[in-house]
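> Have a peek at work_35.tsv (TSV, C-alpha atoms).
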```tsv
chain	number	residue	atom	x	y	z
A	1	MET	CA	20.96	-0.90	-5.94
A	2	ASN	CA	20.47	-4.17	-4.06
A	3	ALA	CA	17.59	-6.66	-3.83
A	4	LEU	CA	15.97	-4.67	-1.02
A	5	ASP	CA	16.00	-1.47	-3.09
A	6	ASP	CA	14.53	-3.45	-6.01
A	7	VAL	CA	11.54	-4.48	-3.91
A	8	ILE	CA	11.09	-0.93	-2.57
A	9	GLU	CA	11.28	0.43	-6.13
A	10	SER	CA	8.77	-2.18	-7.38
A	11	PHE	CA	6.25	-1.52	-4.63
A	12	SER	CA	6.50	2.27	-4.93
A	13	ARG	CA	5.24	2.01	-8.52
A	14	LEU	CA	1.93	0.55	-7.31
A	15	PRO	CA	-1.04	2.91	-6.85
A	16	GLY	CA	-1.37	4.44	-3.39
A	17	ILE	CA	2.08	3.28	-2.22
A	18	GLY	CA	4.77	5.91	-1.73
A	19	LYS	CA	8.47	5.47	-1.09
A	20	LYS	CA	8.03	5.23	2.70
A	21	SER	CA	5.19	2.70	2.58
A	22	ALA	CA	7.20	0.66	0.07
A	23	ALA	CA	10.21	0.61	2.42
A	24	ARG	CA	7.99	-0.42	5.31
A	25	ILE	CA	6.49	-3.26	3.26
A	26	ALA	CA	9.91	-4.46	2.05
A	27	HIS	CA	11.23	-4.64	5.62
A	28	TYR	CA	8.04	-6.36	6.73
A	29	LEU	CA	8.57	-8.98	4.01
A	30	LEU	CA	12.11	-9.59	5.25
A	31	GLN	CA	10.80	-10.20	8.77
A	32	GLN	CA	8.30	-12.82	7.56
A	33	ASP	CA	9.02	-16.42	6.63
A	34	GLN	CA	10.37	-16.99	3.17
A	35	SER	CA	7.19	-18.99	2.40
A	36	PHE	CA	5.12	-15.82	2.94
A	37	CYS	CA	7.13	-14.02	0.25
A	38	GLN	CA	7.03	-17.03	-2.07
A	39	ARG	CA	3.25	-17.10	-1.81
A	40	ILE	CA	2.82	-13.43	-2.70
A	41	ALA	CA	5.35	-13.77	-5.54
A	42	ARG	CA	3.51	-16.80	-6.94
A	43	ASP	CA	0.10	-15.12	-6.62
A	44	ILE	CA	1.34	-12.10	-8.57
A	45	SER	CA	3.13	-14.11	-11.25
A	46	VAL	CA	0.15	-16.34	-12.12
A	47	LEU	CA	-2.33	-13.43	-12.17
A	48	HIS	CA	-2.08	-12.72	-15.91
A	49	GLU	CA	-2.10	-16.40	-16.84
A	50	LYS	CA	-5.26	-17.19	-14.90
A	51	ILE	CA	-7.38	-14.04	-15.05
A	52	HIS	CA	-8.90	-12.61	-18.25
A	53	PRO	CA	-12.05	-10.71	-19.23
A	54	CYS	CA	-15.40	-12.57	-19.29
A	55	LYS	CA	-16.49	-13.13	-22.91
A	56	ILE	CA	-19.93	-11.66	-22.16
A	57	CYS	CA	-19.64	-8.84	-19.62
A	58	GLY	CA	-15.91	-8.02	-19.65
A	59	SER	CA	-15.31	-8.38	-15.91
A	60	TYR	CA	-12.36	-10.47	-14.70
A	61	THR	CA	-12.73	-14.23	-14.36
A	62	GLU	CA	-10.70	-17.44	-14.42
A	63	ASP	CA	-13.26	-19.11	-16.70
A	64	GLU	CA	-14.56	-18.23	-20.15
A	65	ILE	CA	-17.81	-16.86	-18.69
A	66	CYS	CA	-17.78	-15.19	-15.26
A	67	SER	CA	-19.72	-16.45	-12.24
A	68	ILE	CA	-22.34	-13.68	-12.56
A	69	CYS	CA	-23.08	-14.16	-16.27
A	70	SER	CA	-23.33	-17.93	-15.79
A	71	ASN	CA	-25.50	-17.73	-12.65
A	72	PRO	CA	-29.11	-18.75	-13.52
A	73	MET	CA	-30.40	-17.08	-10.33
A	74	ARG	CA	-29.53	-13.53	-11.53
A	75	GLU	CA	-32.24	-11.26	-12.97
A	76	ARG	CA	-31.31	-11.53	-16.63
A	77	ASN	CA	-33.38	-8.58	-17.86
A	78	ILE	CA	-31.46	-5.84	-15.99
A	79	LEU	CA	-28.01	-4.73	-17.15
A	80	CYS	CA	-25.75	-2.47	-15.08
A	81	ILE	CA	-23.10	-0.58	-17.09
A	82	VAL	CA	-19.86	0.13	-15.18
A	83	GLU	CA	-16.56	1.73	-16.15
A	84	GLN	CA	-14.06	-0.80	-14.78
A	85	ALA	CA	-14.04	-4.47	-13.82
A	86	GLN	CA	-13.43	-3.57	-10.15
A	87	ASP	CA	-16.72	-1.61	-10.11
A	88	VAL	CA	-18.54	-4.96	-10.46
A	89	GLN	CA	-17.10	-6.10	-7.11
A	90	THR	CA	-17.96	-2.75	-5.51
A	91	ILE	CA	-21.62	-2.98	-6.58
A	92	GLU	CA	-21.77	-6.68	-5.66
A	93	SER	CA	-20.60	-5.82	-2.14
A	94	THR	CA	-23.85	-3.84	-1.55
A	95	HIS	CA	-25.95	-7.04	-2.05
A	96	GLU	CA	-28.56	-4.67	-3.49
A	97	TYR	CA	-28.30	-5.60	-7.17
A	98	HIS	CA	-29.15	-8.99	-8.64
A	99	GLY	CA	-29.01	-8.32	-12.39
A	100	LEU	CA	-26.20	-8.64	-14.95
A	101	PHE	CA	-23.21	-6.38	-15.64
A	102	HIS	CA	-21.44	-4.87	-18.61
A	103	VAL	CA	-17.92	-3.46	-18.24
A	104	LEU	CA	-17.00	-0.59	-20.58
A	105	GLY	CA	-13.26	-0.73	-19.91
A	106	GLY	CA	-13.06	3.03	-19.39
A	107	VAL	CA	-14.93	6.25	-20.20
A	108	ILE	CA	-15.06	8.58	-23.18
A	109	ALA	CA	-12.19	11.02	-22.59
A	110	PRO	CA	-11.26	12.92	-25.77
A	111	LEU	CA	-8.31	14.65	-24.06
A	112	GLU	CA	-6.74	11.26	-23.36
A	113	GLY	CA	-7.62	10.05	-26.87
A	114	ILE	CA	-10.29	7.61	-25.66
A	115	GLY	CA	-13.28	7.72	-28.00
A	116	PRO	CA	-16.43	5.56	-28.07
A	117	GLU	CA	-14.78	3.03	-30.40
A	118	GLN	CA	-12.14	2.12	-27.74
A	119	LEU	CA	-14.87	1.10	-25.27
A	120	ARG	CA	-17.23	-1.91	-25.25
A	121	LEU	CA	-20.18	0.25	-26.31
A	122	SER	CA	-21.57	-1.43	-29.43
A	123	GLU	CA	-21.82	-4.66	-27.41
A	124	ILE	CA	-24.43	-2.99	-25.17
A	125	VAL	CA	-26.88	-2.41	-28.06
A	126	GLU	CA	-26.23	-5.96	-29.22
A	127	ARG	CA	-26.90	-7.38	-25.73
A	128	VAL	CA	-30.11	-5.34	-25.32
A	129	ARG	CA	-31.39	-6.77	-28.62
A	130	LYS	CA	-30.30	-10.38	-28.07
A	131	GLU	CA	-30.72	-10.88	-24.33
A	132	ASN	CA	-34.19	-9.41	-23.82
A	133	ILE	CA	-32.95	-6.64	-21.51
A	134	THR	CA	-35.70	-4.35	-20.17
A	135	GLU	CA	-33.65	-1.93	-18.02
A	136	ILE	CA	-30.18	-0.45	-18.35
A	137	ILE	CA	-28.65	1.06	-15.18
A	138	LEU	CA	-25.89	3.55	-15.99
A	139	ALA	CA	-23.39	3.22	-13.14
A	140	THR	CA	-20.48	5.23	-14.56
A	141	ASN	CA	-18.85	7.58	-12.04
A	142	PRO	CA	-20.53	10.95	-11.37
A	143	THR	CA	-17.66	12.80	-13.07
A	144	VAL	CA	-17.58	14.85	-16.29
A	145	GLU	CA	-16.31	11.83	-18.25
A	146	GLY	CA	-18.72	9.42	-16.54
A	147	ASP	CA	-21.68	11.71	-17.23
A	148	THR	CA	-20.63	12.21	-20.86
A	149	THR	CA	-20.34	8.46	-21.35
A	150	ALA	CA	-23.74	7.91	-19.70
A	151	LEU	CA	-25.31	10.46	-22.07
A	152	TYR	CA	-23.68	8.82	-25.06
A	153	ILE	CA	-24.99	5.38	-24.05
A	154	GLN	CA	-28.48	6.80	-23.52
A	155	ARG	CA	-28.36	8.18	-27.07
A	156	ILE	CA	-27.23	4.97	-28.77
A	157	LEU	CA	-29.86	3.00	-26.83
A	158	LYS	CA	-32.79	5.26	-27.82
A	159	PRO	CA	-33.72	3.19	-30.93
A	160	THR	CA	-34.03	0.02	-28.80
A	161	GLY	CA	-36.72	1.57	-26.54
A	162	VAL	CA	-35.11	0.04	-23.40
A	163	THR	CA	-35.64	1.85	-20.05
A	164	VAL	CA	-32.42	3.67	-19.10
A	165	THR	CA	-31.75	4.72	-15.48
A	166	ARG	CA	-28.79	6.40	-13.79
A	167	LEU	CA	-27.41	5.84	-10.25
A	168	ALA	CA	-28.67	8.55	-7.88
A	169	SER	CA	-26.20	11.30	-7.08
A	170	GLY	CA	-26.48	13.17	-3.76
A	171	LEU	CA	-25.33	13.38	-0.17
A	172	PRO	CA	-23.35	10.38	1.08
A	173	VAL	CA	-25.03	8.52	3.95
A	174	GLY	CA	-23.66	9.78	7.28
A	175	GLY	CA	-22.49	12.97	5.55
A	176	ASP	CA	-23.09	16.55	6.61
A	177	LEU	CA	-24.80	19.29	4.56
A	178	GLU	CA	-22.13	21.71	5.75
A	179	TYR	CA	-19.32	19.73	4.17
A	180	ALA	CA	-21.10	18.76	0.93
A	181	ASP	CA	-19.76	20.52	-2.17
A	182	LYS	CA	-22.13	22.77	-4.11
A	183	LEU	CA	-22.43	20.46	-7.12
A	184	THR	CA	-23.36	17.44	-4.99
A	185	LEU	CA	-25.88	19.48	-3.02
A	186	ALA	CA	-27.38	20.88	-6.24
A	187	ARG	CA	-27.72	17.35	-7.63
A	188	SER	CA	-29.32	16.06	-4.45
A	189	LEU	CA	-31.86	18.89	-4.68
A	190	ARG	CA	-32.60	18.25	-8.33
A	191	GLY	CA	-32.92	14.52	-7.66
A	192	ARG	CA	-35.01	14.84	-4.45
A	193	ILE	CA	-37.50	12.04	-3.86
A	194	PRO	CA	-40.97	11.89	-2.19
A	195	PHE	CA	-40.63	11.21	1.55
B	1	MET	CA	-11.60	-17.85	-4.41
B	2	ASN	CA	-9.84	-17.18	-7.72
B	3	ALA	CA	-6.38	-15.90	-8.62
B	4	LEU	CA	-7.51	-12.28	-8.34
B	5	ASP	CA	-8.85	-12.83	-4.82
B	6	ASP	CA	-5.55	-14.54	-3.92
B	7	VAL	CA	-3.59	-11.42	-4.89
B	8	ILE	CA	-6.02	-9.16	-3.02
B	9	GLU	CA	-5.76	-11.40	0.04
B	10	SER	CA	-1.94	-11.45	-0.17
B	11	PHE	CA	-1.62	-7.69	-0.49
B	12	SER	CA	-4.11	-6.95	2.28
B	13	ARG	CA	-1.81	-8.77	4.74
B	14	LEU	CA	0.95	-6.22	4.13
B	15	PRO	CA	1.29	-3.30	6.58
B	16	GLY	CA	-0.69	-0.18	5.66
B	17	ILE	CA	-2.69	-1.90	2.91
B	18	GLY	CA	-6.39	-2.49	3.52
B	19	LYS	CA	-8.86	-4.55	1.52
B	20	LYS	CA	-9.74	-1.64	-0.79
B	21	SER	CA	-6.14	-0.66	-1.53
B	22	ALA	CA	-5.32	-4.32	-2.14
B	23	ALA	CA	-8.16	-4.61	-4.68
B	24	ARG	CA	-7.00	-1.43	-6.38
B	25	ILE	CA	-3.44	-2.75	-6.63
B	26	ALA	CA	-4.59	-6.15	-7.94
B	27	HIS	CA	-6.64	-4.52	-10.72
B	28	TYR	CA	-3.75	-2.20	-11.50
B	29	LEU	CA	-1.46	-5.23	-11.89
B	30	LEU	CA	-3.93	-6.80	-14.33
B	31	GLN	CA	-3.90	-3.65	-16.43
B	32	GLN	CA	-0.09	-3.67	-16.68
B	33	ASP	CA	2.06	-5.85	-18.93
B	34	GLN	CA	2.73	-9.33	-17.68
B	35	SER	CA	6.45	-8.44	-17.52
B	36	PHE	CA	5.64	-5.79	-14.87
B	37	CYS	CA	4.06	-8.47	-12.66
B	38	GLN	CA	6.87	-10.93	-13.34
B	39	ARG	CA	9.40	-8.34	-12.24
B	40	ILE	CA	7.66	-7.63	-8.93
B	41	ALA	CA	7.15	-11.35	-8.32
B	42	ARG	CA	10.83	-12.06	-8.98
B	43	ASP	CA	11.98	-9.16	-6.78
B	44	ILE	CA	9.87	-10.45	-3.88
B	45	SER	CA	10.88	-14.09	-4.30
B	46	VAL	CA	14.65	-13.45	-4.30
B	47	LEU	CA	14.49	-11.06	-1.33
B	48	HIS	CA	15.16	-13.66	1.37
B	49	GLU	CA	17.86	-15.40	-0.67
B	50	LYS	CA	19.86	-12.23	-1.30
B	51	ILE	CA	19.34	-10.06	1.76
B	52	HIS	CA	20.56	-10.94	5.26
B	53	PRO	CA	21.81	-9.07	8.34
B	54	CYS	CA	25.30	-7.54	8.24
B	55	LYS	CA	27.67	-9.59	10.44
B	56	ILE	CA	28.81	-6.44	12.25
B	57	CYS	CA	25.92	-3.98	12.60
B	58	GLY	CA	22.87	-6.14	11.87
B	59	SER	CA	21.40	-3.94	9.11
B	60	TYR	CA	20.32	-5.57	5.84
B	61	THR	CA	22.87	-6.22	3.12
B	62	GLU	CA	23.57	-8.49	0.15
B	63	ASP	CA	27.18	-8.97	1.28
B	64	GLU	CA	28.68	-10.35	4.47
B	65	ILE	CA	29.53	-6.85	5.71
B	66	CYS	CA	27.23	-3.92	4.79
B	67	SER	CA	28.35	-0.91	2.76
B	68	ILE	CA	28.46	1.35	5.83
B	69	CYS	CA	30.55	-0.97	8.03
B	70	SER	CA	32.97	-1.59	5.15
B	71	ASN	CA	33.27	2.10	4.16
B	72	PRO	CA	36.69	3.46	5.28
B	73	MET	CA	35.39	7.05	4.99
B	74	ARG	CA	32.91	6.69	7.89
B	75	GLU	CA	33.82	8.05	11.34
B	76	ARG	CA	34.61	4.77	13.06
B	77	ASN	CA	34.56	6.09	16.63
B	78	ILE	CA	30.83	7.00	16.75
B	79	LEU	CA	28.16	4.31	17.02
B	80	CYS	CA	24.47	5.02	16.53
B	81	ILE	CA	22.11	2.46	18.14
B	82	VAL	CA	18.78	1.98	16.33
B	83	GLU	CA	15.84	-0.36	16.87
B	84	GLN	CA	15.28	-1.70	13.35
B	85	ALA	CA	17.30	-2.11	10.16
B	86	GLN	CA	15.05	0.38	8.33
B	87	ASP	CA	16.03	3.07	10.87
B	88	VAL	CA	19.53	3.00	9.36
B	89	GLN	CA	18.13	4.15	6.00
B	90	THR	CA	16.01	6.82	7.71
B	91	ILE	CA	19.03	8.30	9.49
B	92	GLU	CA	21.21	7.98	6.38
B	93	SER	CA	18.64	10.01	4.43
B	94	THR	CA	19.38	13.07	6.63
B	95	HIS	CA	23.06	13.10	5.42
B	96	GLU	CA	23.81	14.43	8.90
B	97	TYR	CA	25.48	11.37	10.40
B	98	HIS	CA	28.75	9.85	9.22
B	99	GLY	CA	29.52	7.30	11.92
B	100	LEU	CA	28.69	3.59	12.25
B	101	PHE	CA	25.44	1.87	13.19
B	102	HIS	CA	24.26	-0.93	15.44
B	103	VAL	CA	20.83	-2.50	14.95
B	104	LEU	CA	19.16	-3.91	18.10
B	105	GLY	CA	16.46	-5.83	16.24
B	106	GLY	CA	13.71	-4.51	18.53
B	107	VAL	CA	13.19	-2.95	21.94
B	108	ILE	CA	12.81	-4.29	25.45
B	109	ALA	CA	9.06	-4.99	25.79
B	110	PRO	CA	8.32	-7.29	28.75
B	111	LEU	CA	4.60	-7.42	27.89
B	112	GLU	CA	5.46	-8.93	24.50
B	113	GLY	CA	8.03	-11.23	26.08
B	114	ILE	CA	11.03	-9.39	24.59
B	115	GLY	CA	13.81	-9.14	27.16
B	116	PRO	CA	17.38	-7.82	26.79
B	117	GLU	CA	18.67	-11.28	25.83
B	118	GLN	CA	16.56	-11.31	22.63
B	119	LEU	CA	18.23	-8.12	21.38
B	120	ARG	CA	21.74	-7.51	20.06
B	121	LEU	CA	22.76	-5.74	23.29
B	122	SER	CA	25.85	-7.58	24.50
B	123	GLU	CA	27.41	-6.94	21.07
B	124	ILE	CA	27.37	-3.19	21.83
B	125	VAL	CA	29.66	-3.53	24.88
B	126	GLU	CA	31.89	-5.80	22.84
B	127	ARG	CA	32.07	-3.32	19.95
B	128	VAL	CA	32.82	-0.39	22.29
B	129	ARG	CA	35.77	-2.35	23.75
B	130	LYS	CA	37.15	-3.70	20.46
B	131	GLU	CA	36.46	-0.90	17.97
B	132	ASN	CA	37.72	2.09	19.97
B	133	ILE	CA	34.27	3.76	20.07
B	134	THR	CA	34.24	7.14	21.86
B	135	GLU	CA	30.54	8.08	21.52
B	136	ILE	CA	27.31	6.08	21.55
B	137	ILE	CA	24.22	7.83	20.14
B	138	LEU	CA	21.00	6.22	21.40
B	139	ALA	CA	18.51	6.58	18.53
B	140	THR	CA	15.73	4.32	19.78
B	141	ASN	CA	12.23	5.77	19.32
B	142	PRO	CA	11.00	8.32	21.90
B	143	THR	CA	8.43	5.81	23.22
B	144	VAL	CA	8.16	4.06	26.60
B	145	GLU	CA	9.90	0.96	25.21
B	146	GLY	CA	12.50	3.01	23.30
B	147	ASP	CA	13.30	5.07	26.41
B	148	THR	CA	13.51	1.95	28.61
B	149	THR	CA	15.87	0.31	26.15
B	150	ALA	CA	17.99	3.47	25.96
B	151	LEU	CA	18.25	3.53	29.78
B	152	TYR	CA	19.23	-0.14	29.84
B	153	ILE	CA	21.98	0.42	27.27
B	154	GLN	CA	23.28	3.44	29.20
B	155	ARG	CA	23.54	1.22	32.30
B	156	ILE	CA	25.39	-1.65	30.66
B	157	LEU	CA	27.80	0.84	29.03
B	158	LYS	CA	28.70	2.63	32.28
B	159	PRO	CA	31.75	0.39	33.05
B	160	THR	CA	33.28	1.20	29.63
B	161	GLY	CA	33.33	4.97	30.30
B	162	VAL	CA	32.16	5.76	26.75
B	163	THR	CA	30.18	9.00	26.17
B	164	VAL	CA	26.47	8.19	25.73
B	165	THR	CA	24.09	10.67	24.03
B	166	ARG	CA	20.42	10.48	23.11
B	167	LEU	CA	18.62	11.97	20.08
B	168	ALA	CA	16.93	15.28	21.01
B	169	SER	CA	13.19	15.07	21.58
B	170	GLY	CA	11.03	18.15	20.99
B	171	LEU	CA	8.91	20.08	18.53
B	172	PRO	CA	9.02	18.83	14.94
B	173	VAL	CA	10.39	21.40	12.46
B	174	GLY	CA	7.49	23.28	10.84
B	175	GLY	CA	5.26	22.23	13.74
B	176	ASP	CA	3.03	24.42	15.84
B	177	LEU	CA	3.15	24.88	19.65
B	178	GLU	CA	-0.64	24.75	19.70
B	179	TYR	CA	-0.75	21.26	18.25
B	180	ALA	CA	2.19	19.78	20.18
B	181	ASP	CA	1.21	17.22	22.82
B	182	LYS	CA	2.07	18.01	26.45
B	183	LEU	CA	4.79	15.35	26.73
B	184	THR	CA	6.61	16.57	23.63
B	185	LEU	CA	6.38	20.19	24.77
B	186	ALA	CA	7.63	19.24	28.26
B	187	ARG	CA	10.60	17.42	26.73
B	188	SER	CA	11.43	20.33	24.43
B	189	LEU	CA	11.46	22.62	27.50
B	190	ARG	CA	13.62	20.27	29.54
B	191	GLY	CA	15.99	19.86	26.59
B	192	ARG	CA	16.15	23.57	25.63
B	193	ILE	CA	19.44	24.73	24.16
B	194	PRO	CA	21.34	28.09	24.27
B	195	PHE	CA	20.23	30.36	21.41
```
Now that the file is in, can you turn its structure into C-alpha cells?


Amino acid sequence: MNALDDVIESFSRLPGIGKKSAARIAHYLLQQDQSFCQRIARDISVLHEKIHPCKICGSYTEDEICSICSNPMRERNILCIVEQAQDVQTIESTHEYHGLFHVLGGVIAPLEGIGPEQLRLSEIVERVRKENITEIILATNPTVEGDTTALYIQRILKPTGVTVTRLASGLPVGGDLEYADKLTLARSLRGRIPF
Amino acid sequence: MNALDDVIESFSRLPGIGKKSAARIAHYLLQQDQSFCQRIARDISVLHEKIHPCKICGSYTEDEICSICSNPMRERNILCIVEQAQDVQTIESTHEYHGLFHVLGGVIAPLEGIGPEQLRLSEIVERVRKENITEIILATNPTVEGDTTALYIQRILKPTGVTVTRLASGLPVGGDLEYADKLTLARSLRGRIPF
C-alpha cells in the first residue's frame, strides 16, 4: 500500500467513482503540477471549517445566514421545501423560482430509522407563522419517501391555512411516451393541464 | 464563490467528473466527518512528494526502484512496453504476465508535437543490450498512435535481433460479432489462431 494506492482508495470511496475512475484520477493528479494537487487538497481540507448550515433555511453557506435568506430582492412570502441542501442549487439553476427555501435534511424513512423528529419539520410551521408565508411549495423527490414526507408536511400545515402546492410530476421535456414508465405516465395523465 | 464552489470547481477539473458529479461529491464530503476530508486532502497533498518514476522502468513508485524491477522472482528476459504508468497496473491485474515493464510516457503523436525524442525509447535499446532481454512485448494501445509507436520500436530494435511481439487485437471476450467494428473484426481475422 503506497501513496498512490492511498489516493486511489480515497477517491473510490466517493459517490459515483469506481476503482478504475479513481486510478485514472490518481494518475492524472501525478501528471499535473504539484500546485494543482495542493489546491484541491486545501479546498477539501477547509470545507468543513468554512461551510455550515444557514441558521434560517438549513442550506450550506459560509456566513451565518445564506445569500438567499439575506437577499431583500427574493419573494419572502413563498417557501420551497427541499430534501437536501444541494436541491437548493438545482432549483436555483432553473432561474424560475425567486422565493425562499427550507432544507429538511432528509425524508421520512421509517426503514432507515428516520422519523419526522430527525428532520427540520417543526421549523416550517414556525416559519409560516412568523414570516408571513402565503405559499409552501413541496419540492421533495417524487419517490415513496418524498411523497410520504410531502403528505406529512401538508398535514402539519393544515392548521396554519397556508396554500400548499407540490412540484408537477410527469413526462420529462424531450422525453418519449414510449419510454416513460407507467407510474410517470399515470401521474402526467392525472395532473394534465388545460392547453 | 465560496468554499463549496471551490471544491466543486476543483473536482470538475478531474477526468471523468462533470459539474453535477462534482457537486454531488462536494455535498457528500460535507456530510462525512471532517477526518474523512482531512484524510483525502492529506493523501492528495503528499502524492507528489512520495511518488516518482522508477529509475529503471519509469512506472510510479515510492522507492528508487519499483517493486516489479526489484523482484527477483520476475522473468527478467521479457520486457513489456506500455504507454503509461497506469498500464502496468492494468496488465498486472491479469496475473498473466511475469516479466518486466518499460513505460514510454506517451506515444508518438506528431500533431501534438510528441516525437520519439520525448519518449523513453532509447532506454529500450539500452536495456535489451544490458539486461539480456530475449523478448519484447509491444503493449501500446491498438490506436493509430499506438500502432505507429509500436512500428517505430520494432525498427529501432531490429539491429539487436531480439524477438518482438505485439498484443493480439480482436474480439473482446464476451463480445458479439454483430457489434464488433469492421477494423476490429478485420484484425481478428488477420490474426486468427489454430483451434

> Which residues of chain A come within 10 Å of chain B, and what is each one's closest atom pair and distance in Å (one decimal), counting all atoms listed in the file, sorted by chain and residue number, as JSON lines?


```
{"residue": "A:Asn2", "atom": "CA", "partner": "B:Glu62", "partner_atom": "CA", "distance": 6.8}
{"residue": "A:Ala3", "atom": "CA", "partner": "B:Leu47", "partner_atom": "CA", "distance": 5.9}
{"residue": "A:Leu4", "atom": "CA", "partner": "B:Leu47", "partner_atom": "CA", "distance": 6.6}
{"residue": "A:Asp5", "atom": "CA", "partner": "B:Asp43", "partner_atom": "CA", "distance": 9.4}
{"residue": "A:Asp6", "atom": "CA", "partner": "B:Asp43", "partner_atom": "CA", "distance": 6.3}
{"residue": "A:Val7", "atom": "CA", "partner": "B:Asp43", "partner_atom": "CA", "distance": 5.5}
{"residue": "A:Ile8", "atom": "CA", "partner": "B:Asp43", "partner_atom": "CA", "distance": 9.3}
{"residue": "A:Glu9", "atom": "CA", "partner": "B:Ile40", "partner_atom": "CA", "distance": 9.3}
{"residue": "A:Ser10", "atom": "CA", "partner": "B:Ile40", "partner_atom": "CA", "distance": 5.8}
{"residue": "A:Phe11", "atom": "CA", "partner": "B:Ile40", "partner_atom": "CA", "distance": 7.6}
{"residue": "A:Arg13", "atom": "CA", "partner": "B:Ile40", "partner_atom": "CA", "distance": 9.9}
{"residue": "A:Leu14", "atom": "CA", "partner": "B:Ile25", "partner_atom": "CA", "distance": 6.3}
{"residue": "A:Pro15", "atom": "CA", "partner": "B:Ile25", "partner_atom": "CA", "distance": 6.2}
{"residue": "A:Gly16", "atom": "CA", "partner": "B:Ser21", "partner_atom": "CA", "distance": 7.2}
{"residue": "A:Ile17", "atom": "CA", "partner": "B:Ile17", "partner_atom": "CA", "distance": 8.7}
{"residue": "A:Lys20", "atom": "CA", "partner": "B:Thr90", "partner_atom": "CA", "distance": 9.6}
{"residue": "A:Ser21", "atom": "CA", "partner": "B:Gly16", "partner_atom": "CA", "distance": 7.2}
{"residue": "A:Ala22", "atom": "CA", "partner": "B:Pro15", "partner_atom": "CA", "distance": 9.6}
{"residue": "A:Ala23", "atom": "CA", "partner": "B:Gln86", "partner_atom": "CA", "distance": 7.6}
{"residue": "A:Arg24", "atom": "CA", "partner": "B:Pro15", "partner_atom": "CA", "distance": 7.4}
{"residue": "A:Ile25", "atom": "CA", "partner": "B:Pro15", "partner_atom": "CA", "distance": 6.2}
{"residue": "A:Ala26", "atom": "CA", "partner": "B:Ile44", "partner_atom": "CA", "distance": 8.4}
{"residue": "A:His27", "atom": "CA", "partner": "B:Gln86", "partner_atom": "CA", "distance": 6.9}
{"residue": "A:Tyr28", "atom": "CA", "partner": "B:Pro15", "partner_atom": "CA", "distance": 7.4}
{"residue": "A:Leu29", "atom": "CA", "partner": "B:Leu14", "partner_atom": "CA", "distance": 8.1}
{"residue": "A:Leu30", "atom": "CA", "partner": "B:His48", "partner_atom": "CA", "distance": 6.4}
{"residue": "A:Gln31", "atom": "CA", "partner": "B:His48", "partner_atom": "CA", "distance": 9.3}
{"residue": "A:Gln32", "atom": "CA", "partner": "B:His48", "partner_atom": "CA", "distance": 9.3}
{"residue": "A:Asp33", "atom": "CA", "partner": "B:His48", "partner_atom": "CA", "distance": 8.5}
{"residue": "A:Gln34", "atom": "CA", "partner": "B:His48", "partner_atom": "CA", "distance": 6.1}
{"residue": "A:Ser35", "atom": "CA", "partner": "B:Ser45", "partner_atom": "CA", "distance": 9.1}
{"residue": "A:Phe36", "atom": "CA", "partner": "B:Ser10", "partner_atom": "CA", "distance": 8.9}
{"residue": "A:Cys37", "atom": "CA", "partner": "B:Ser45", "partner_atom": "CA", "distance": 5.9}
{"residue": "A:Gln38", "atom": "CA", "partner": "B:Ser45", "partner_atom": "CA", "distance": 5.3}
{"residue": "A:Arg39", "atom": "CA", "partner": "B:Ser10", "partner_atom": "CA", "distance": 7.8}
{"residue": "A:Ile40", "atom": "CA", "partner": "B:Ser10", "partner_atom": "CA", "distance": 5.7}
{"residue": "A:Ala41", "atom": "CA", "partner": "B:Ala41", "partner_atom": "CA", "distance": 4.1}
{"residue": "A:Arg42", "atom": "CA", "partner": "B:Ala41", "partner_atom": "CA", "distance": 6.7}
{"residue": "A:Asp43", "atom": "CA", "partner": "B:Val7", "partner_atom": "CA", "distance": 5.5}
{"residue": "A:Ile44", "atom": "CA", "partner": "B:Ala41", "partner_atom": "CA", "distance": 5.9}
{"residue": "A:Ser45", "atom": "CA", "partner": "B:Gln38", "partner_atom": "CA", "distance": 5.3}
{"residue": "A:Val46", "atom": "CA", "partner": "B:Ala3", "partner_atom": "CA", "distance": 7.4}
{"residue": "A:Leu47", "atom": "CA", "partner": "B:Ala3", "partner_atom": "CA", "distance": 5.9}
{"residue": "A:His48", "atom": "CA", "partner": "B:Gln34", "partner_atom": "CA", "distance": 6.1}
{"residue": "A:Glu49", "atom": "CA", "partner": "B:Gln34", "partner_atom": "CA", "distance": 8.6}
{"residue": "A:Lys50", "atom": "CA", "partner": "B:Ala3", "partner_atom": "CA", "distance": 6.5}
{"residue": "A:Ile51", "atom": "CA", "partner": "B:Ala3", "partner_atom": "CA", "distance": 6.8}
{"residue": "A:His52", "atom": "CA", "partner": "B:Leu30", "partner_atom": "CA", "distance": 8.6}
{"residue": "A:Tyr60", "atom": "CA", "partner": "B:Leu4", "partner_atom": "CA", "distance": 8.2}
{"residue": "A:Thr61", "atom": "CA", "partner": "B:Asn2", "partner_atom": "CA", "distance": 7.8}
{"residue": "A:Glu62", "atom": "CA", "partner": "B:Asn2", "partner_atom": "CA", "distance": 6.8}
{"residue": "A:Asp63", "atom": "CA", "partner": "B:Asn2", "partner_atom": "CA", "distance": 9.8}
{"residue": "A:Gln84", "atom": "CA", "partner": "B:His27", "partner_atom": "CA", "distance": 9.2}
{"residue": "A:Ala85", "atom": "CA", "partner": "B:His27", "partner_atom": "CA", "distance": 8.0}
{"residue": "A:Gln86", "atom": "CA", "partner": "B:His27", "partner_atom": "CA", "distance": 6.9}
{"residue": "A:Gln89", "atom": "CA", "partner": "B:Ala23", "partner_atom": "CA", "distance": 9.4}
{"residue": "A:Thr90", "atom": "CA", "partner": "B:Lys20", "partner_atom": "CA", "distance": 9.5}
```

> What is the distance between CA of Arg76 (chain B) and CA of Gly99 (chain B), in Å to one decimal?

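So the two atoms, CA of Arg76 (chain B) and CA of Gly99 (chain B), lie 5.8 Å apart.
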
> Quick check, in Å to one decimal: how far apart do CA of Gly146 (chain A) and CA of Ile65 (chain A) lie?

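Interatomic distance, CA of Gly146 (chain A) to CA of Ile65 (chain A): 26.4 Å.
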
> Determine, counting only C-alpha atoms, which protein, DNA and RNA residues have an atom within 9 Å of an atom of region 102-112 of chain A; residues of the same chain fewer than 5 positions away are not included. Present the result as a list in words.

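Once the nearby chain positions are removed, what remains is Ile56, Cys57, Gly58, Ser59, Leu79, Cys80, Ile81, Val82, Glu83, Gln84, Ala85, Asp87, Val88, Gln118, Leu119, Arg120, Leu121, Glu123, Ile124, Thr140, Glu145, Gly146, Thr148, Thr149, Ala150 and Tyr152 of chain A.
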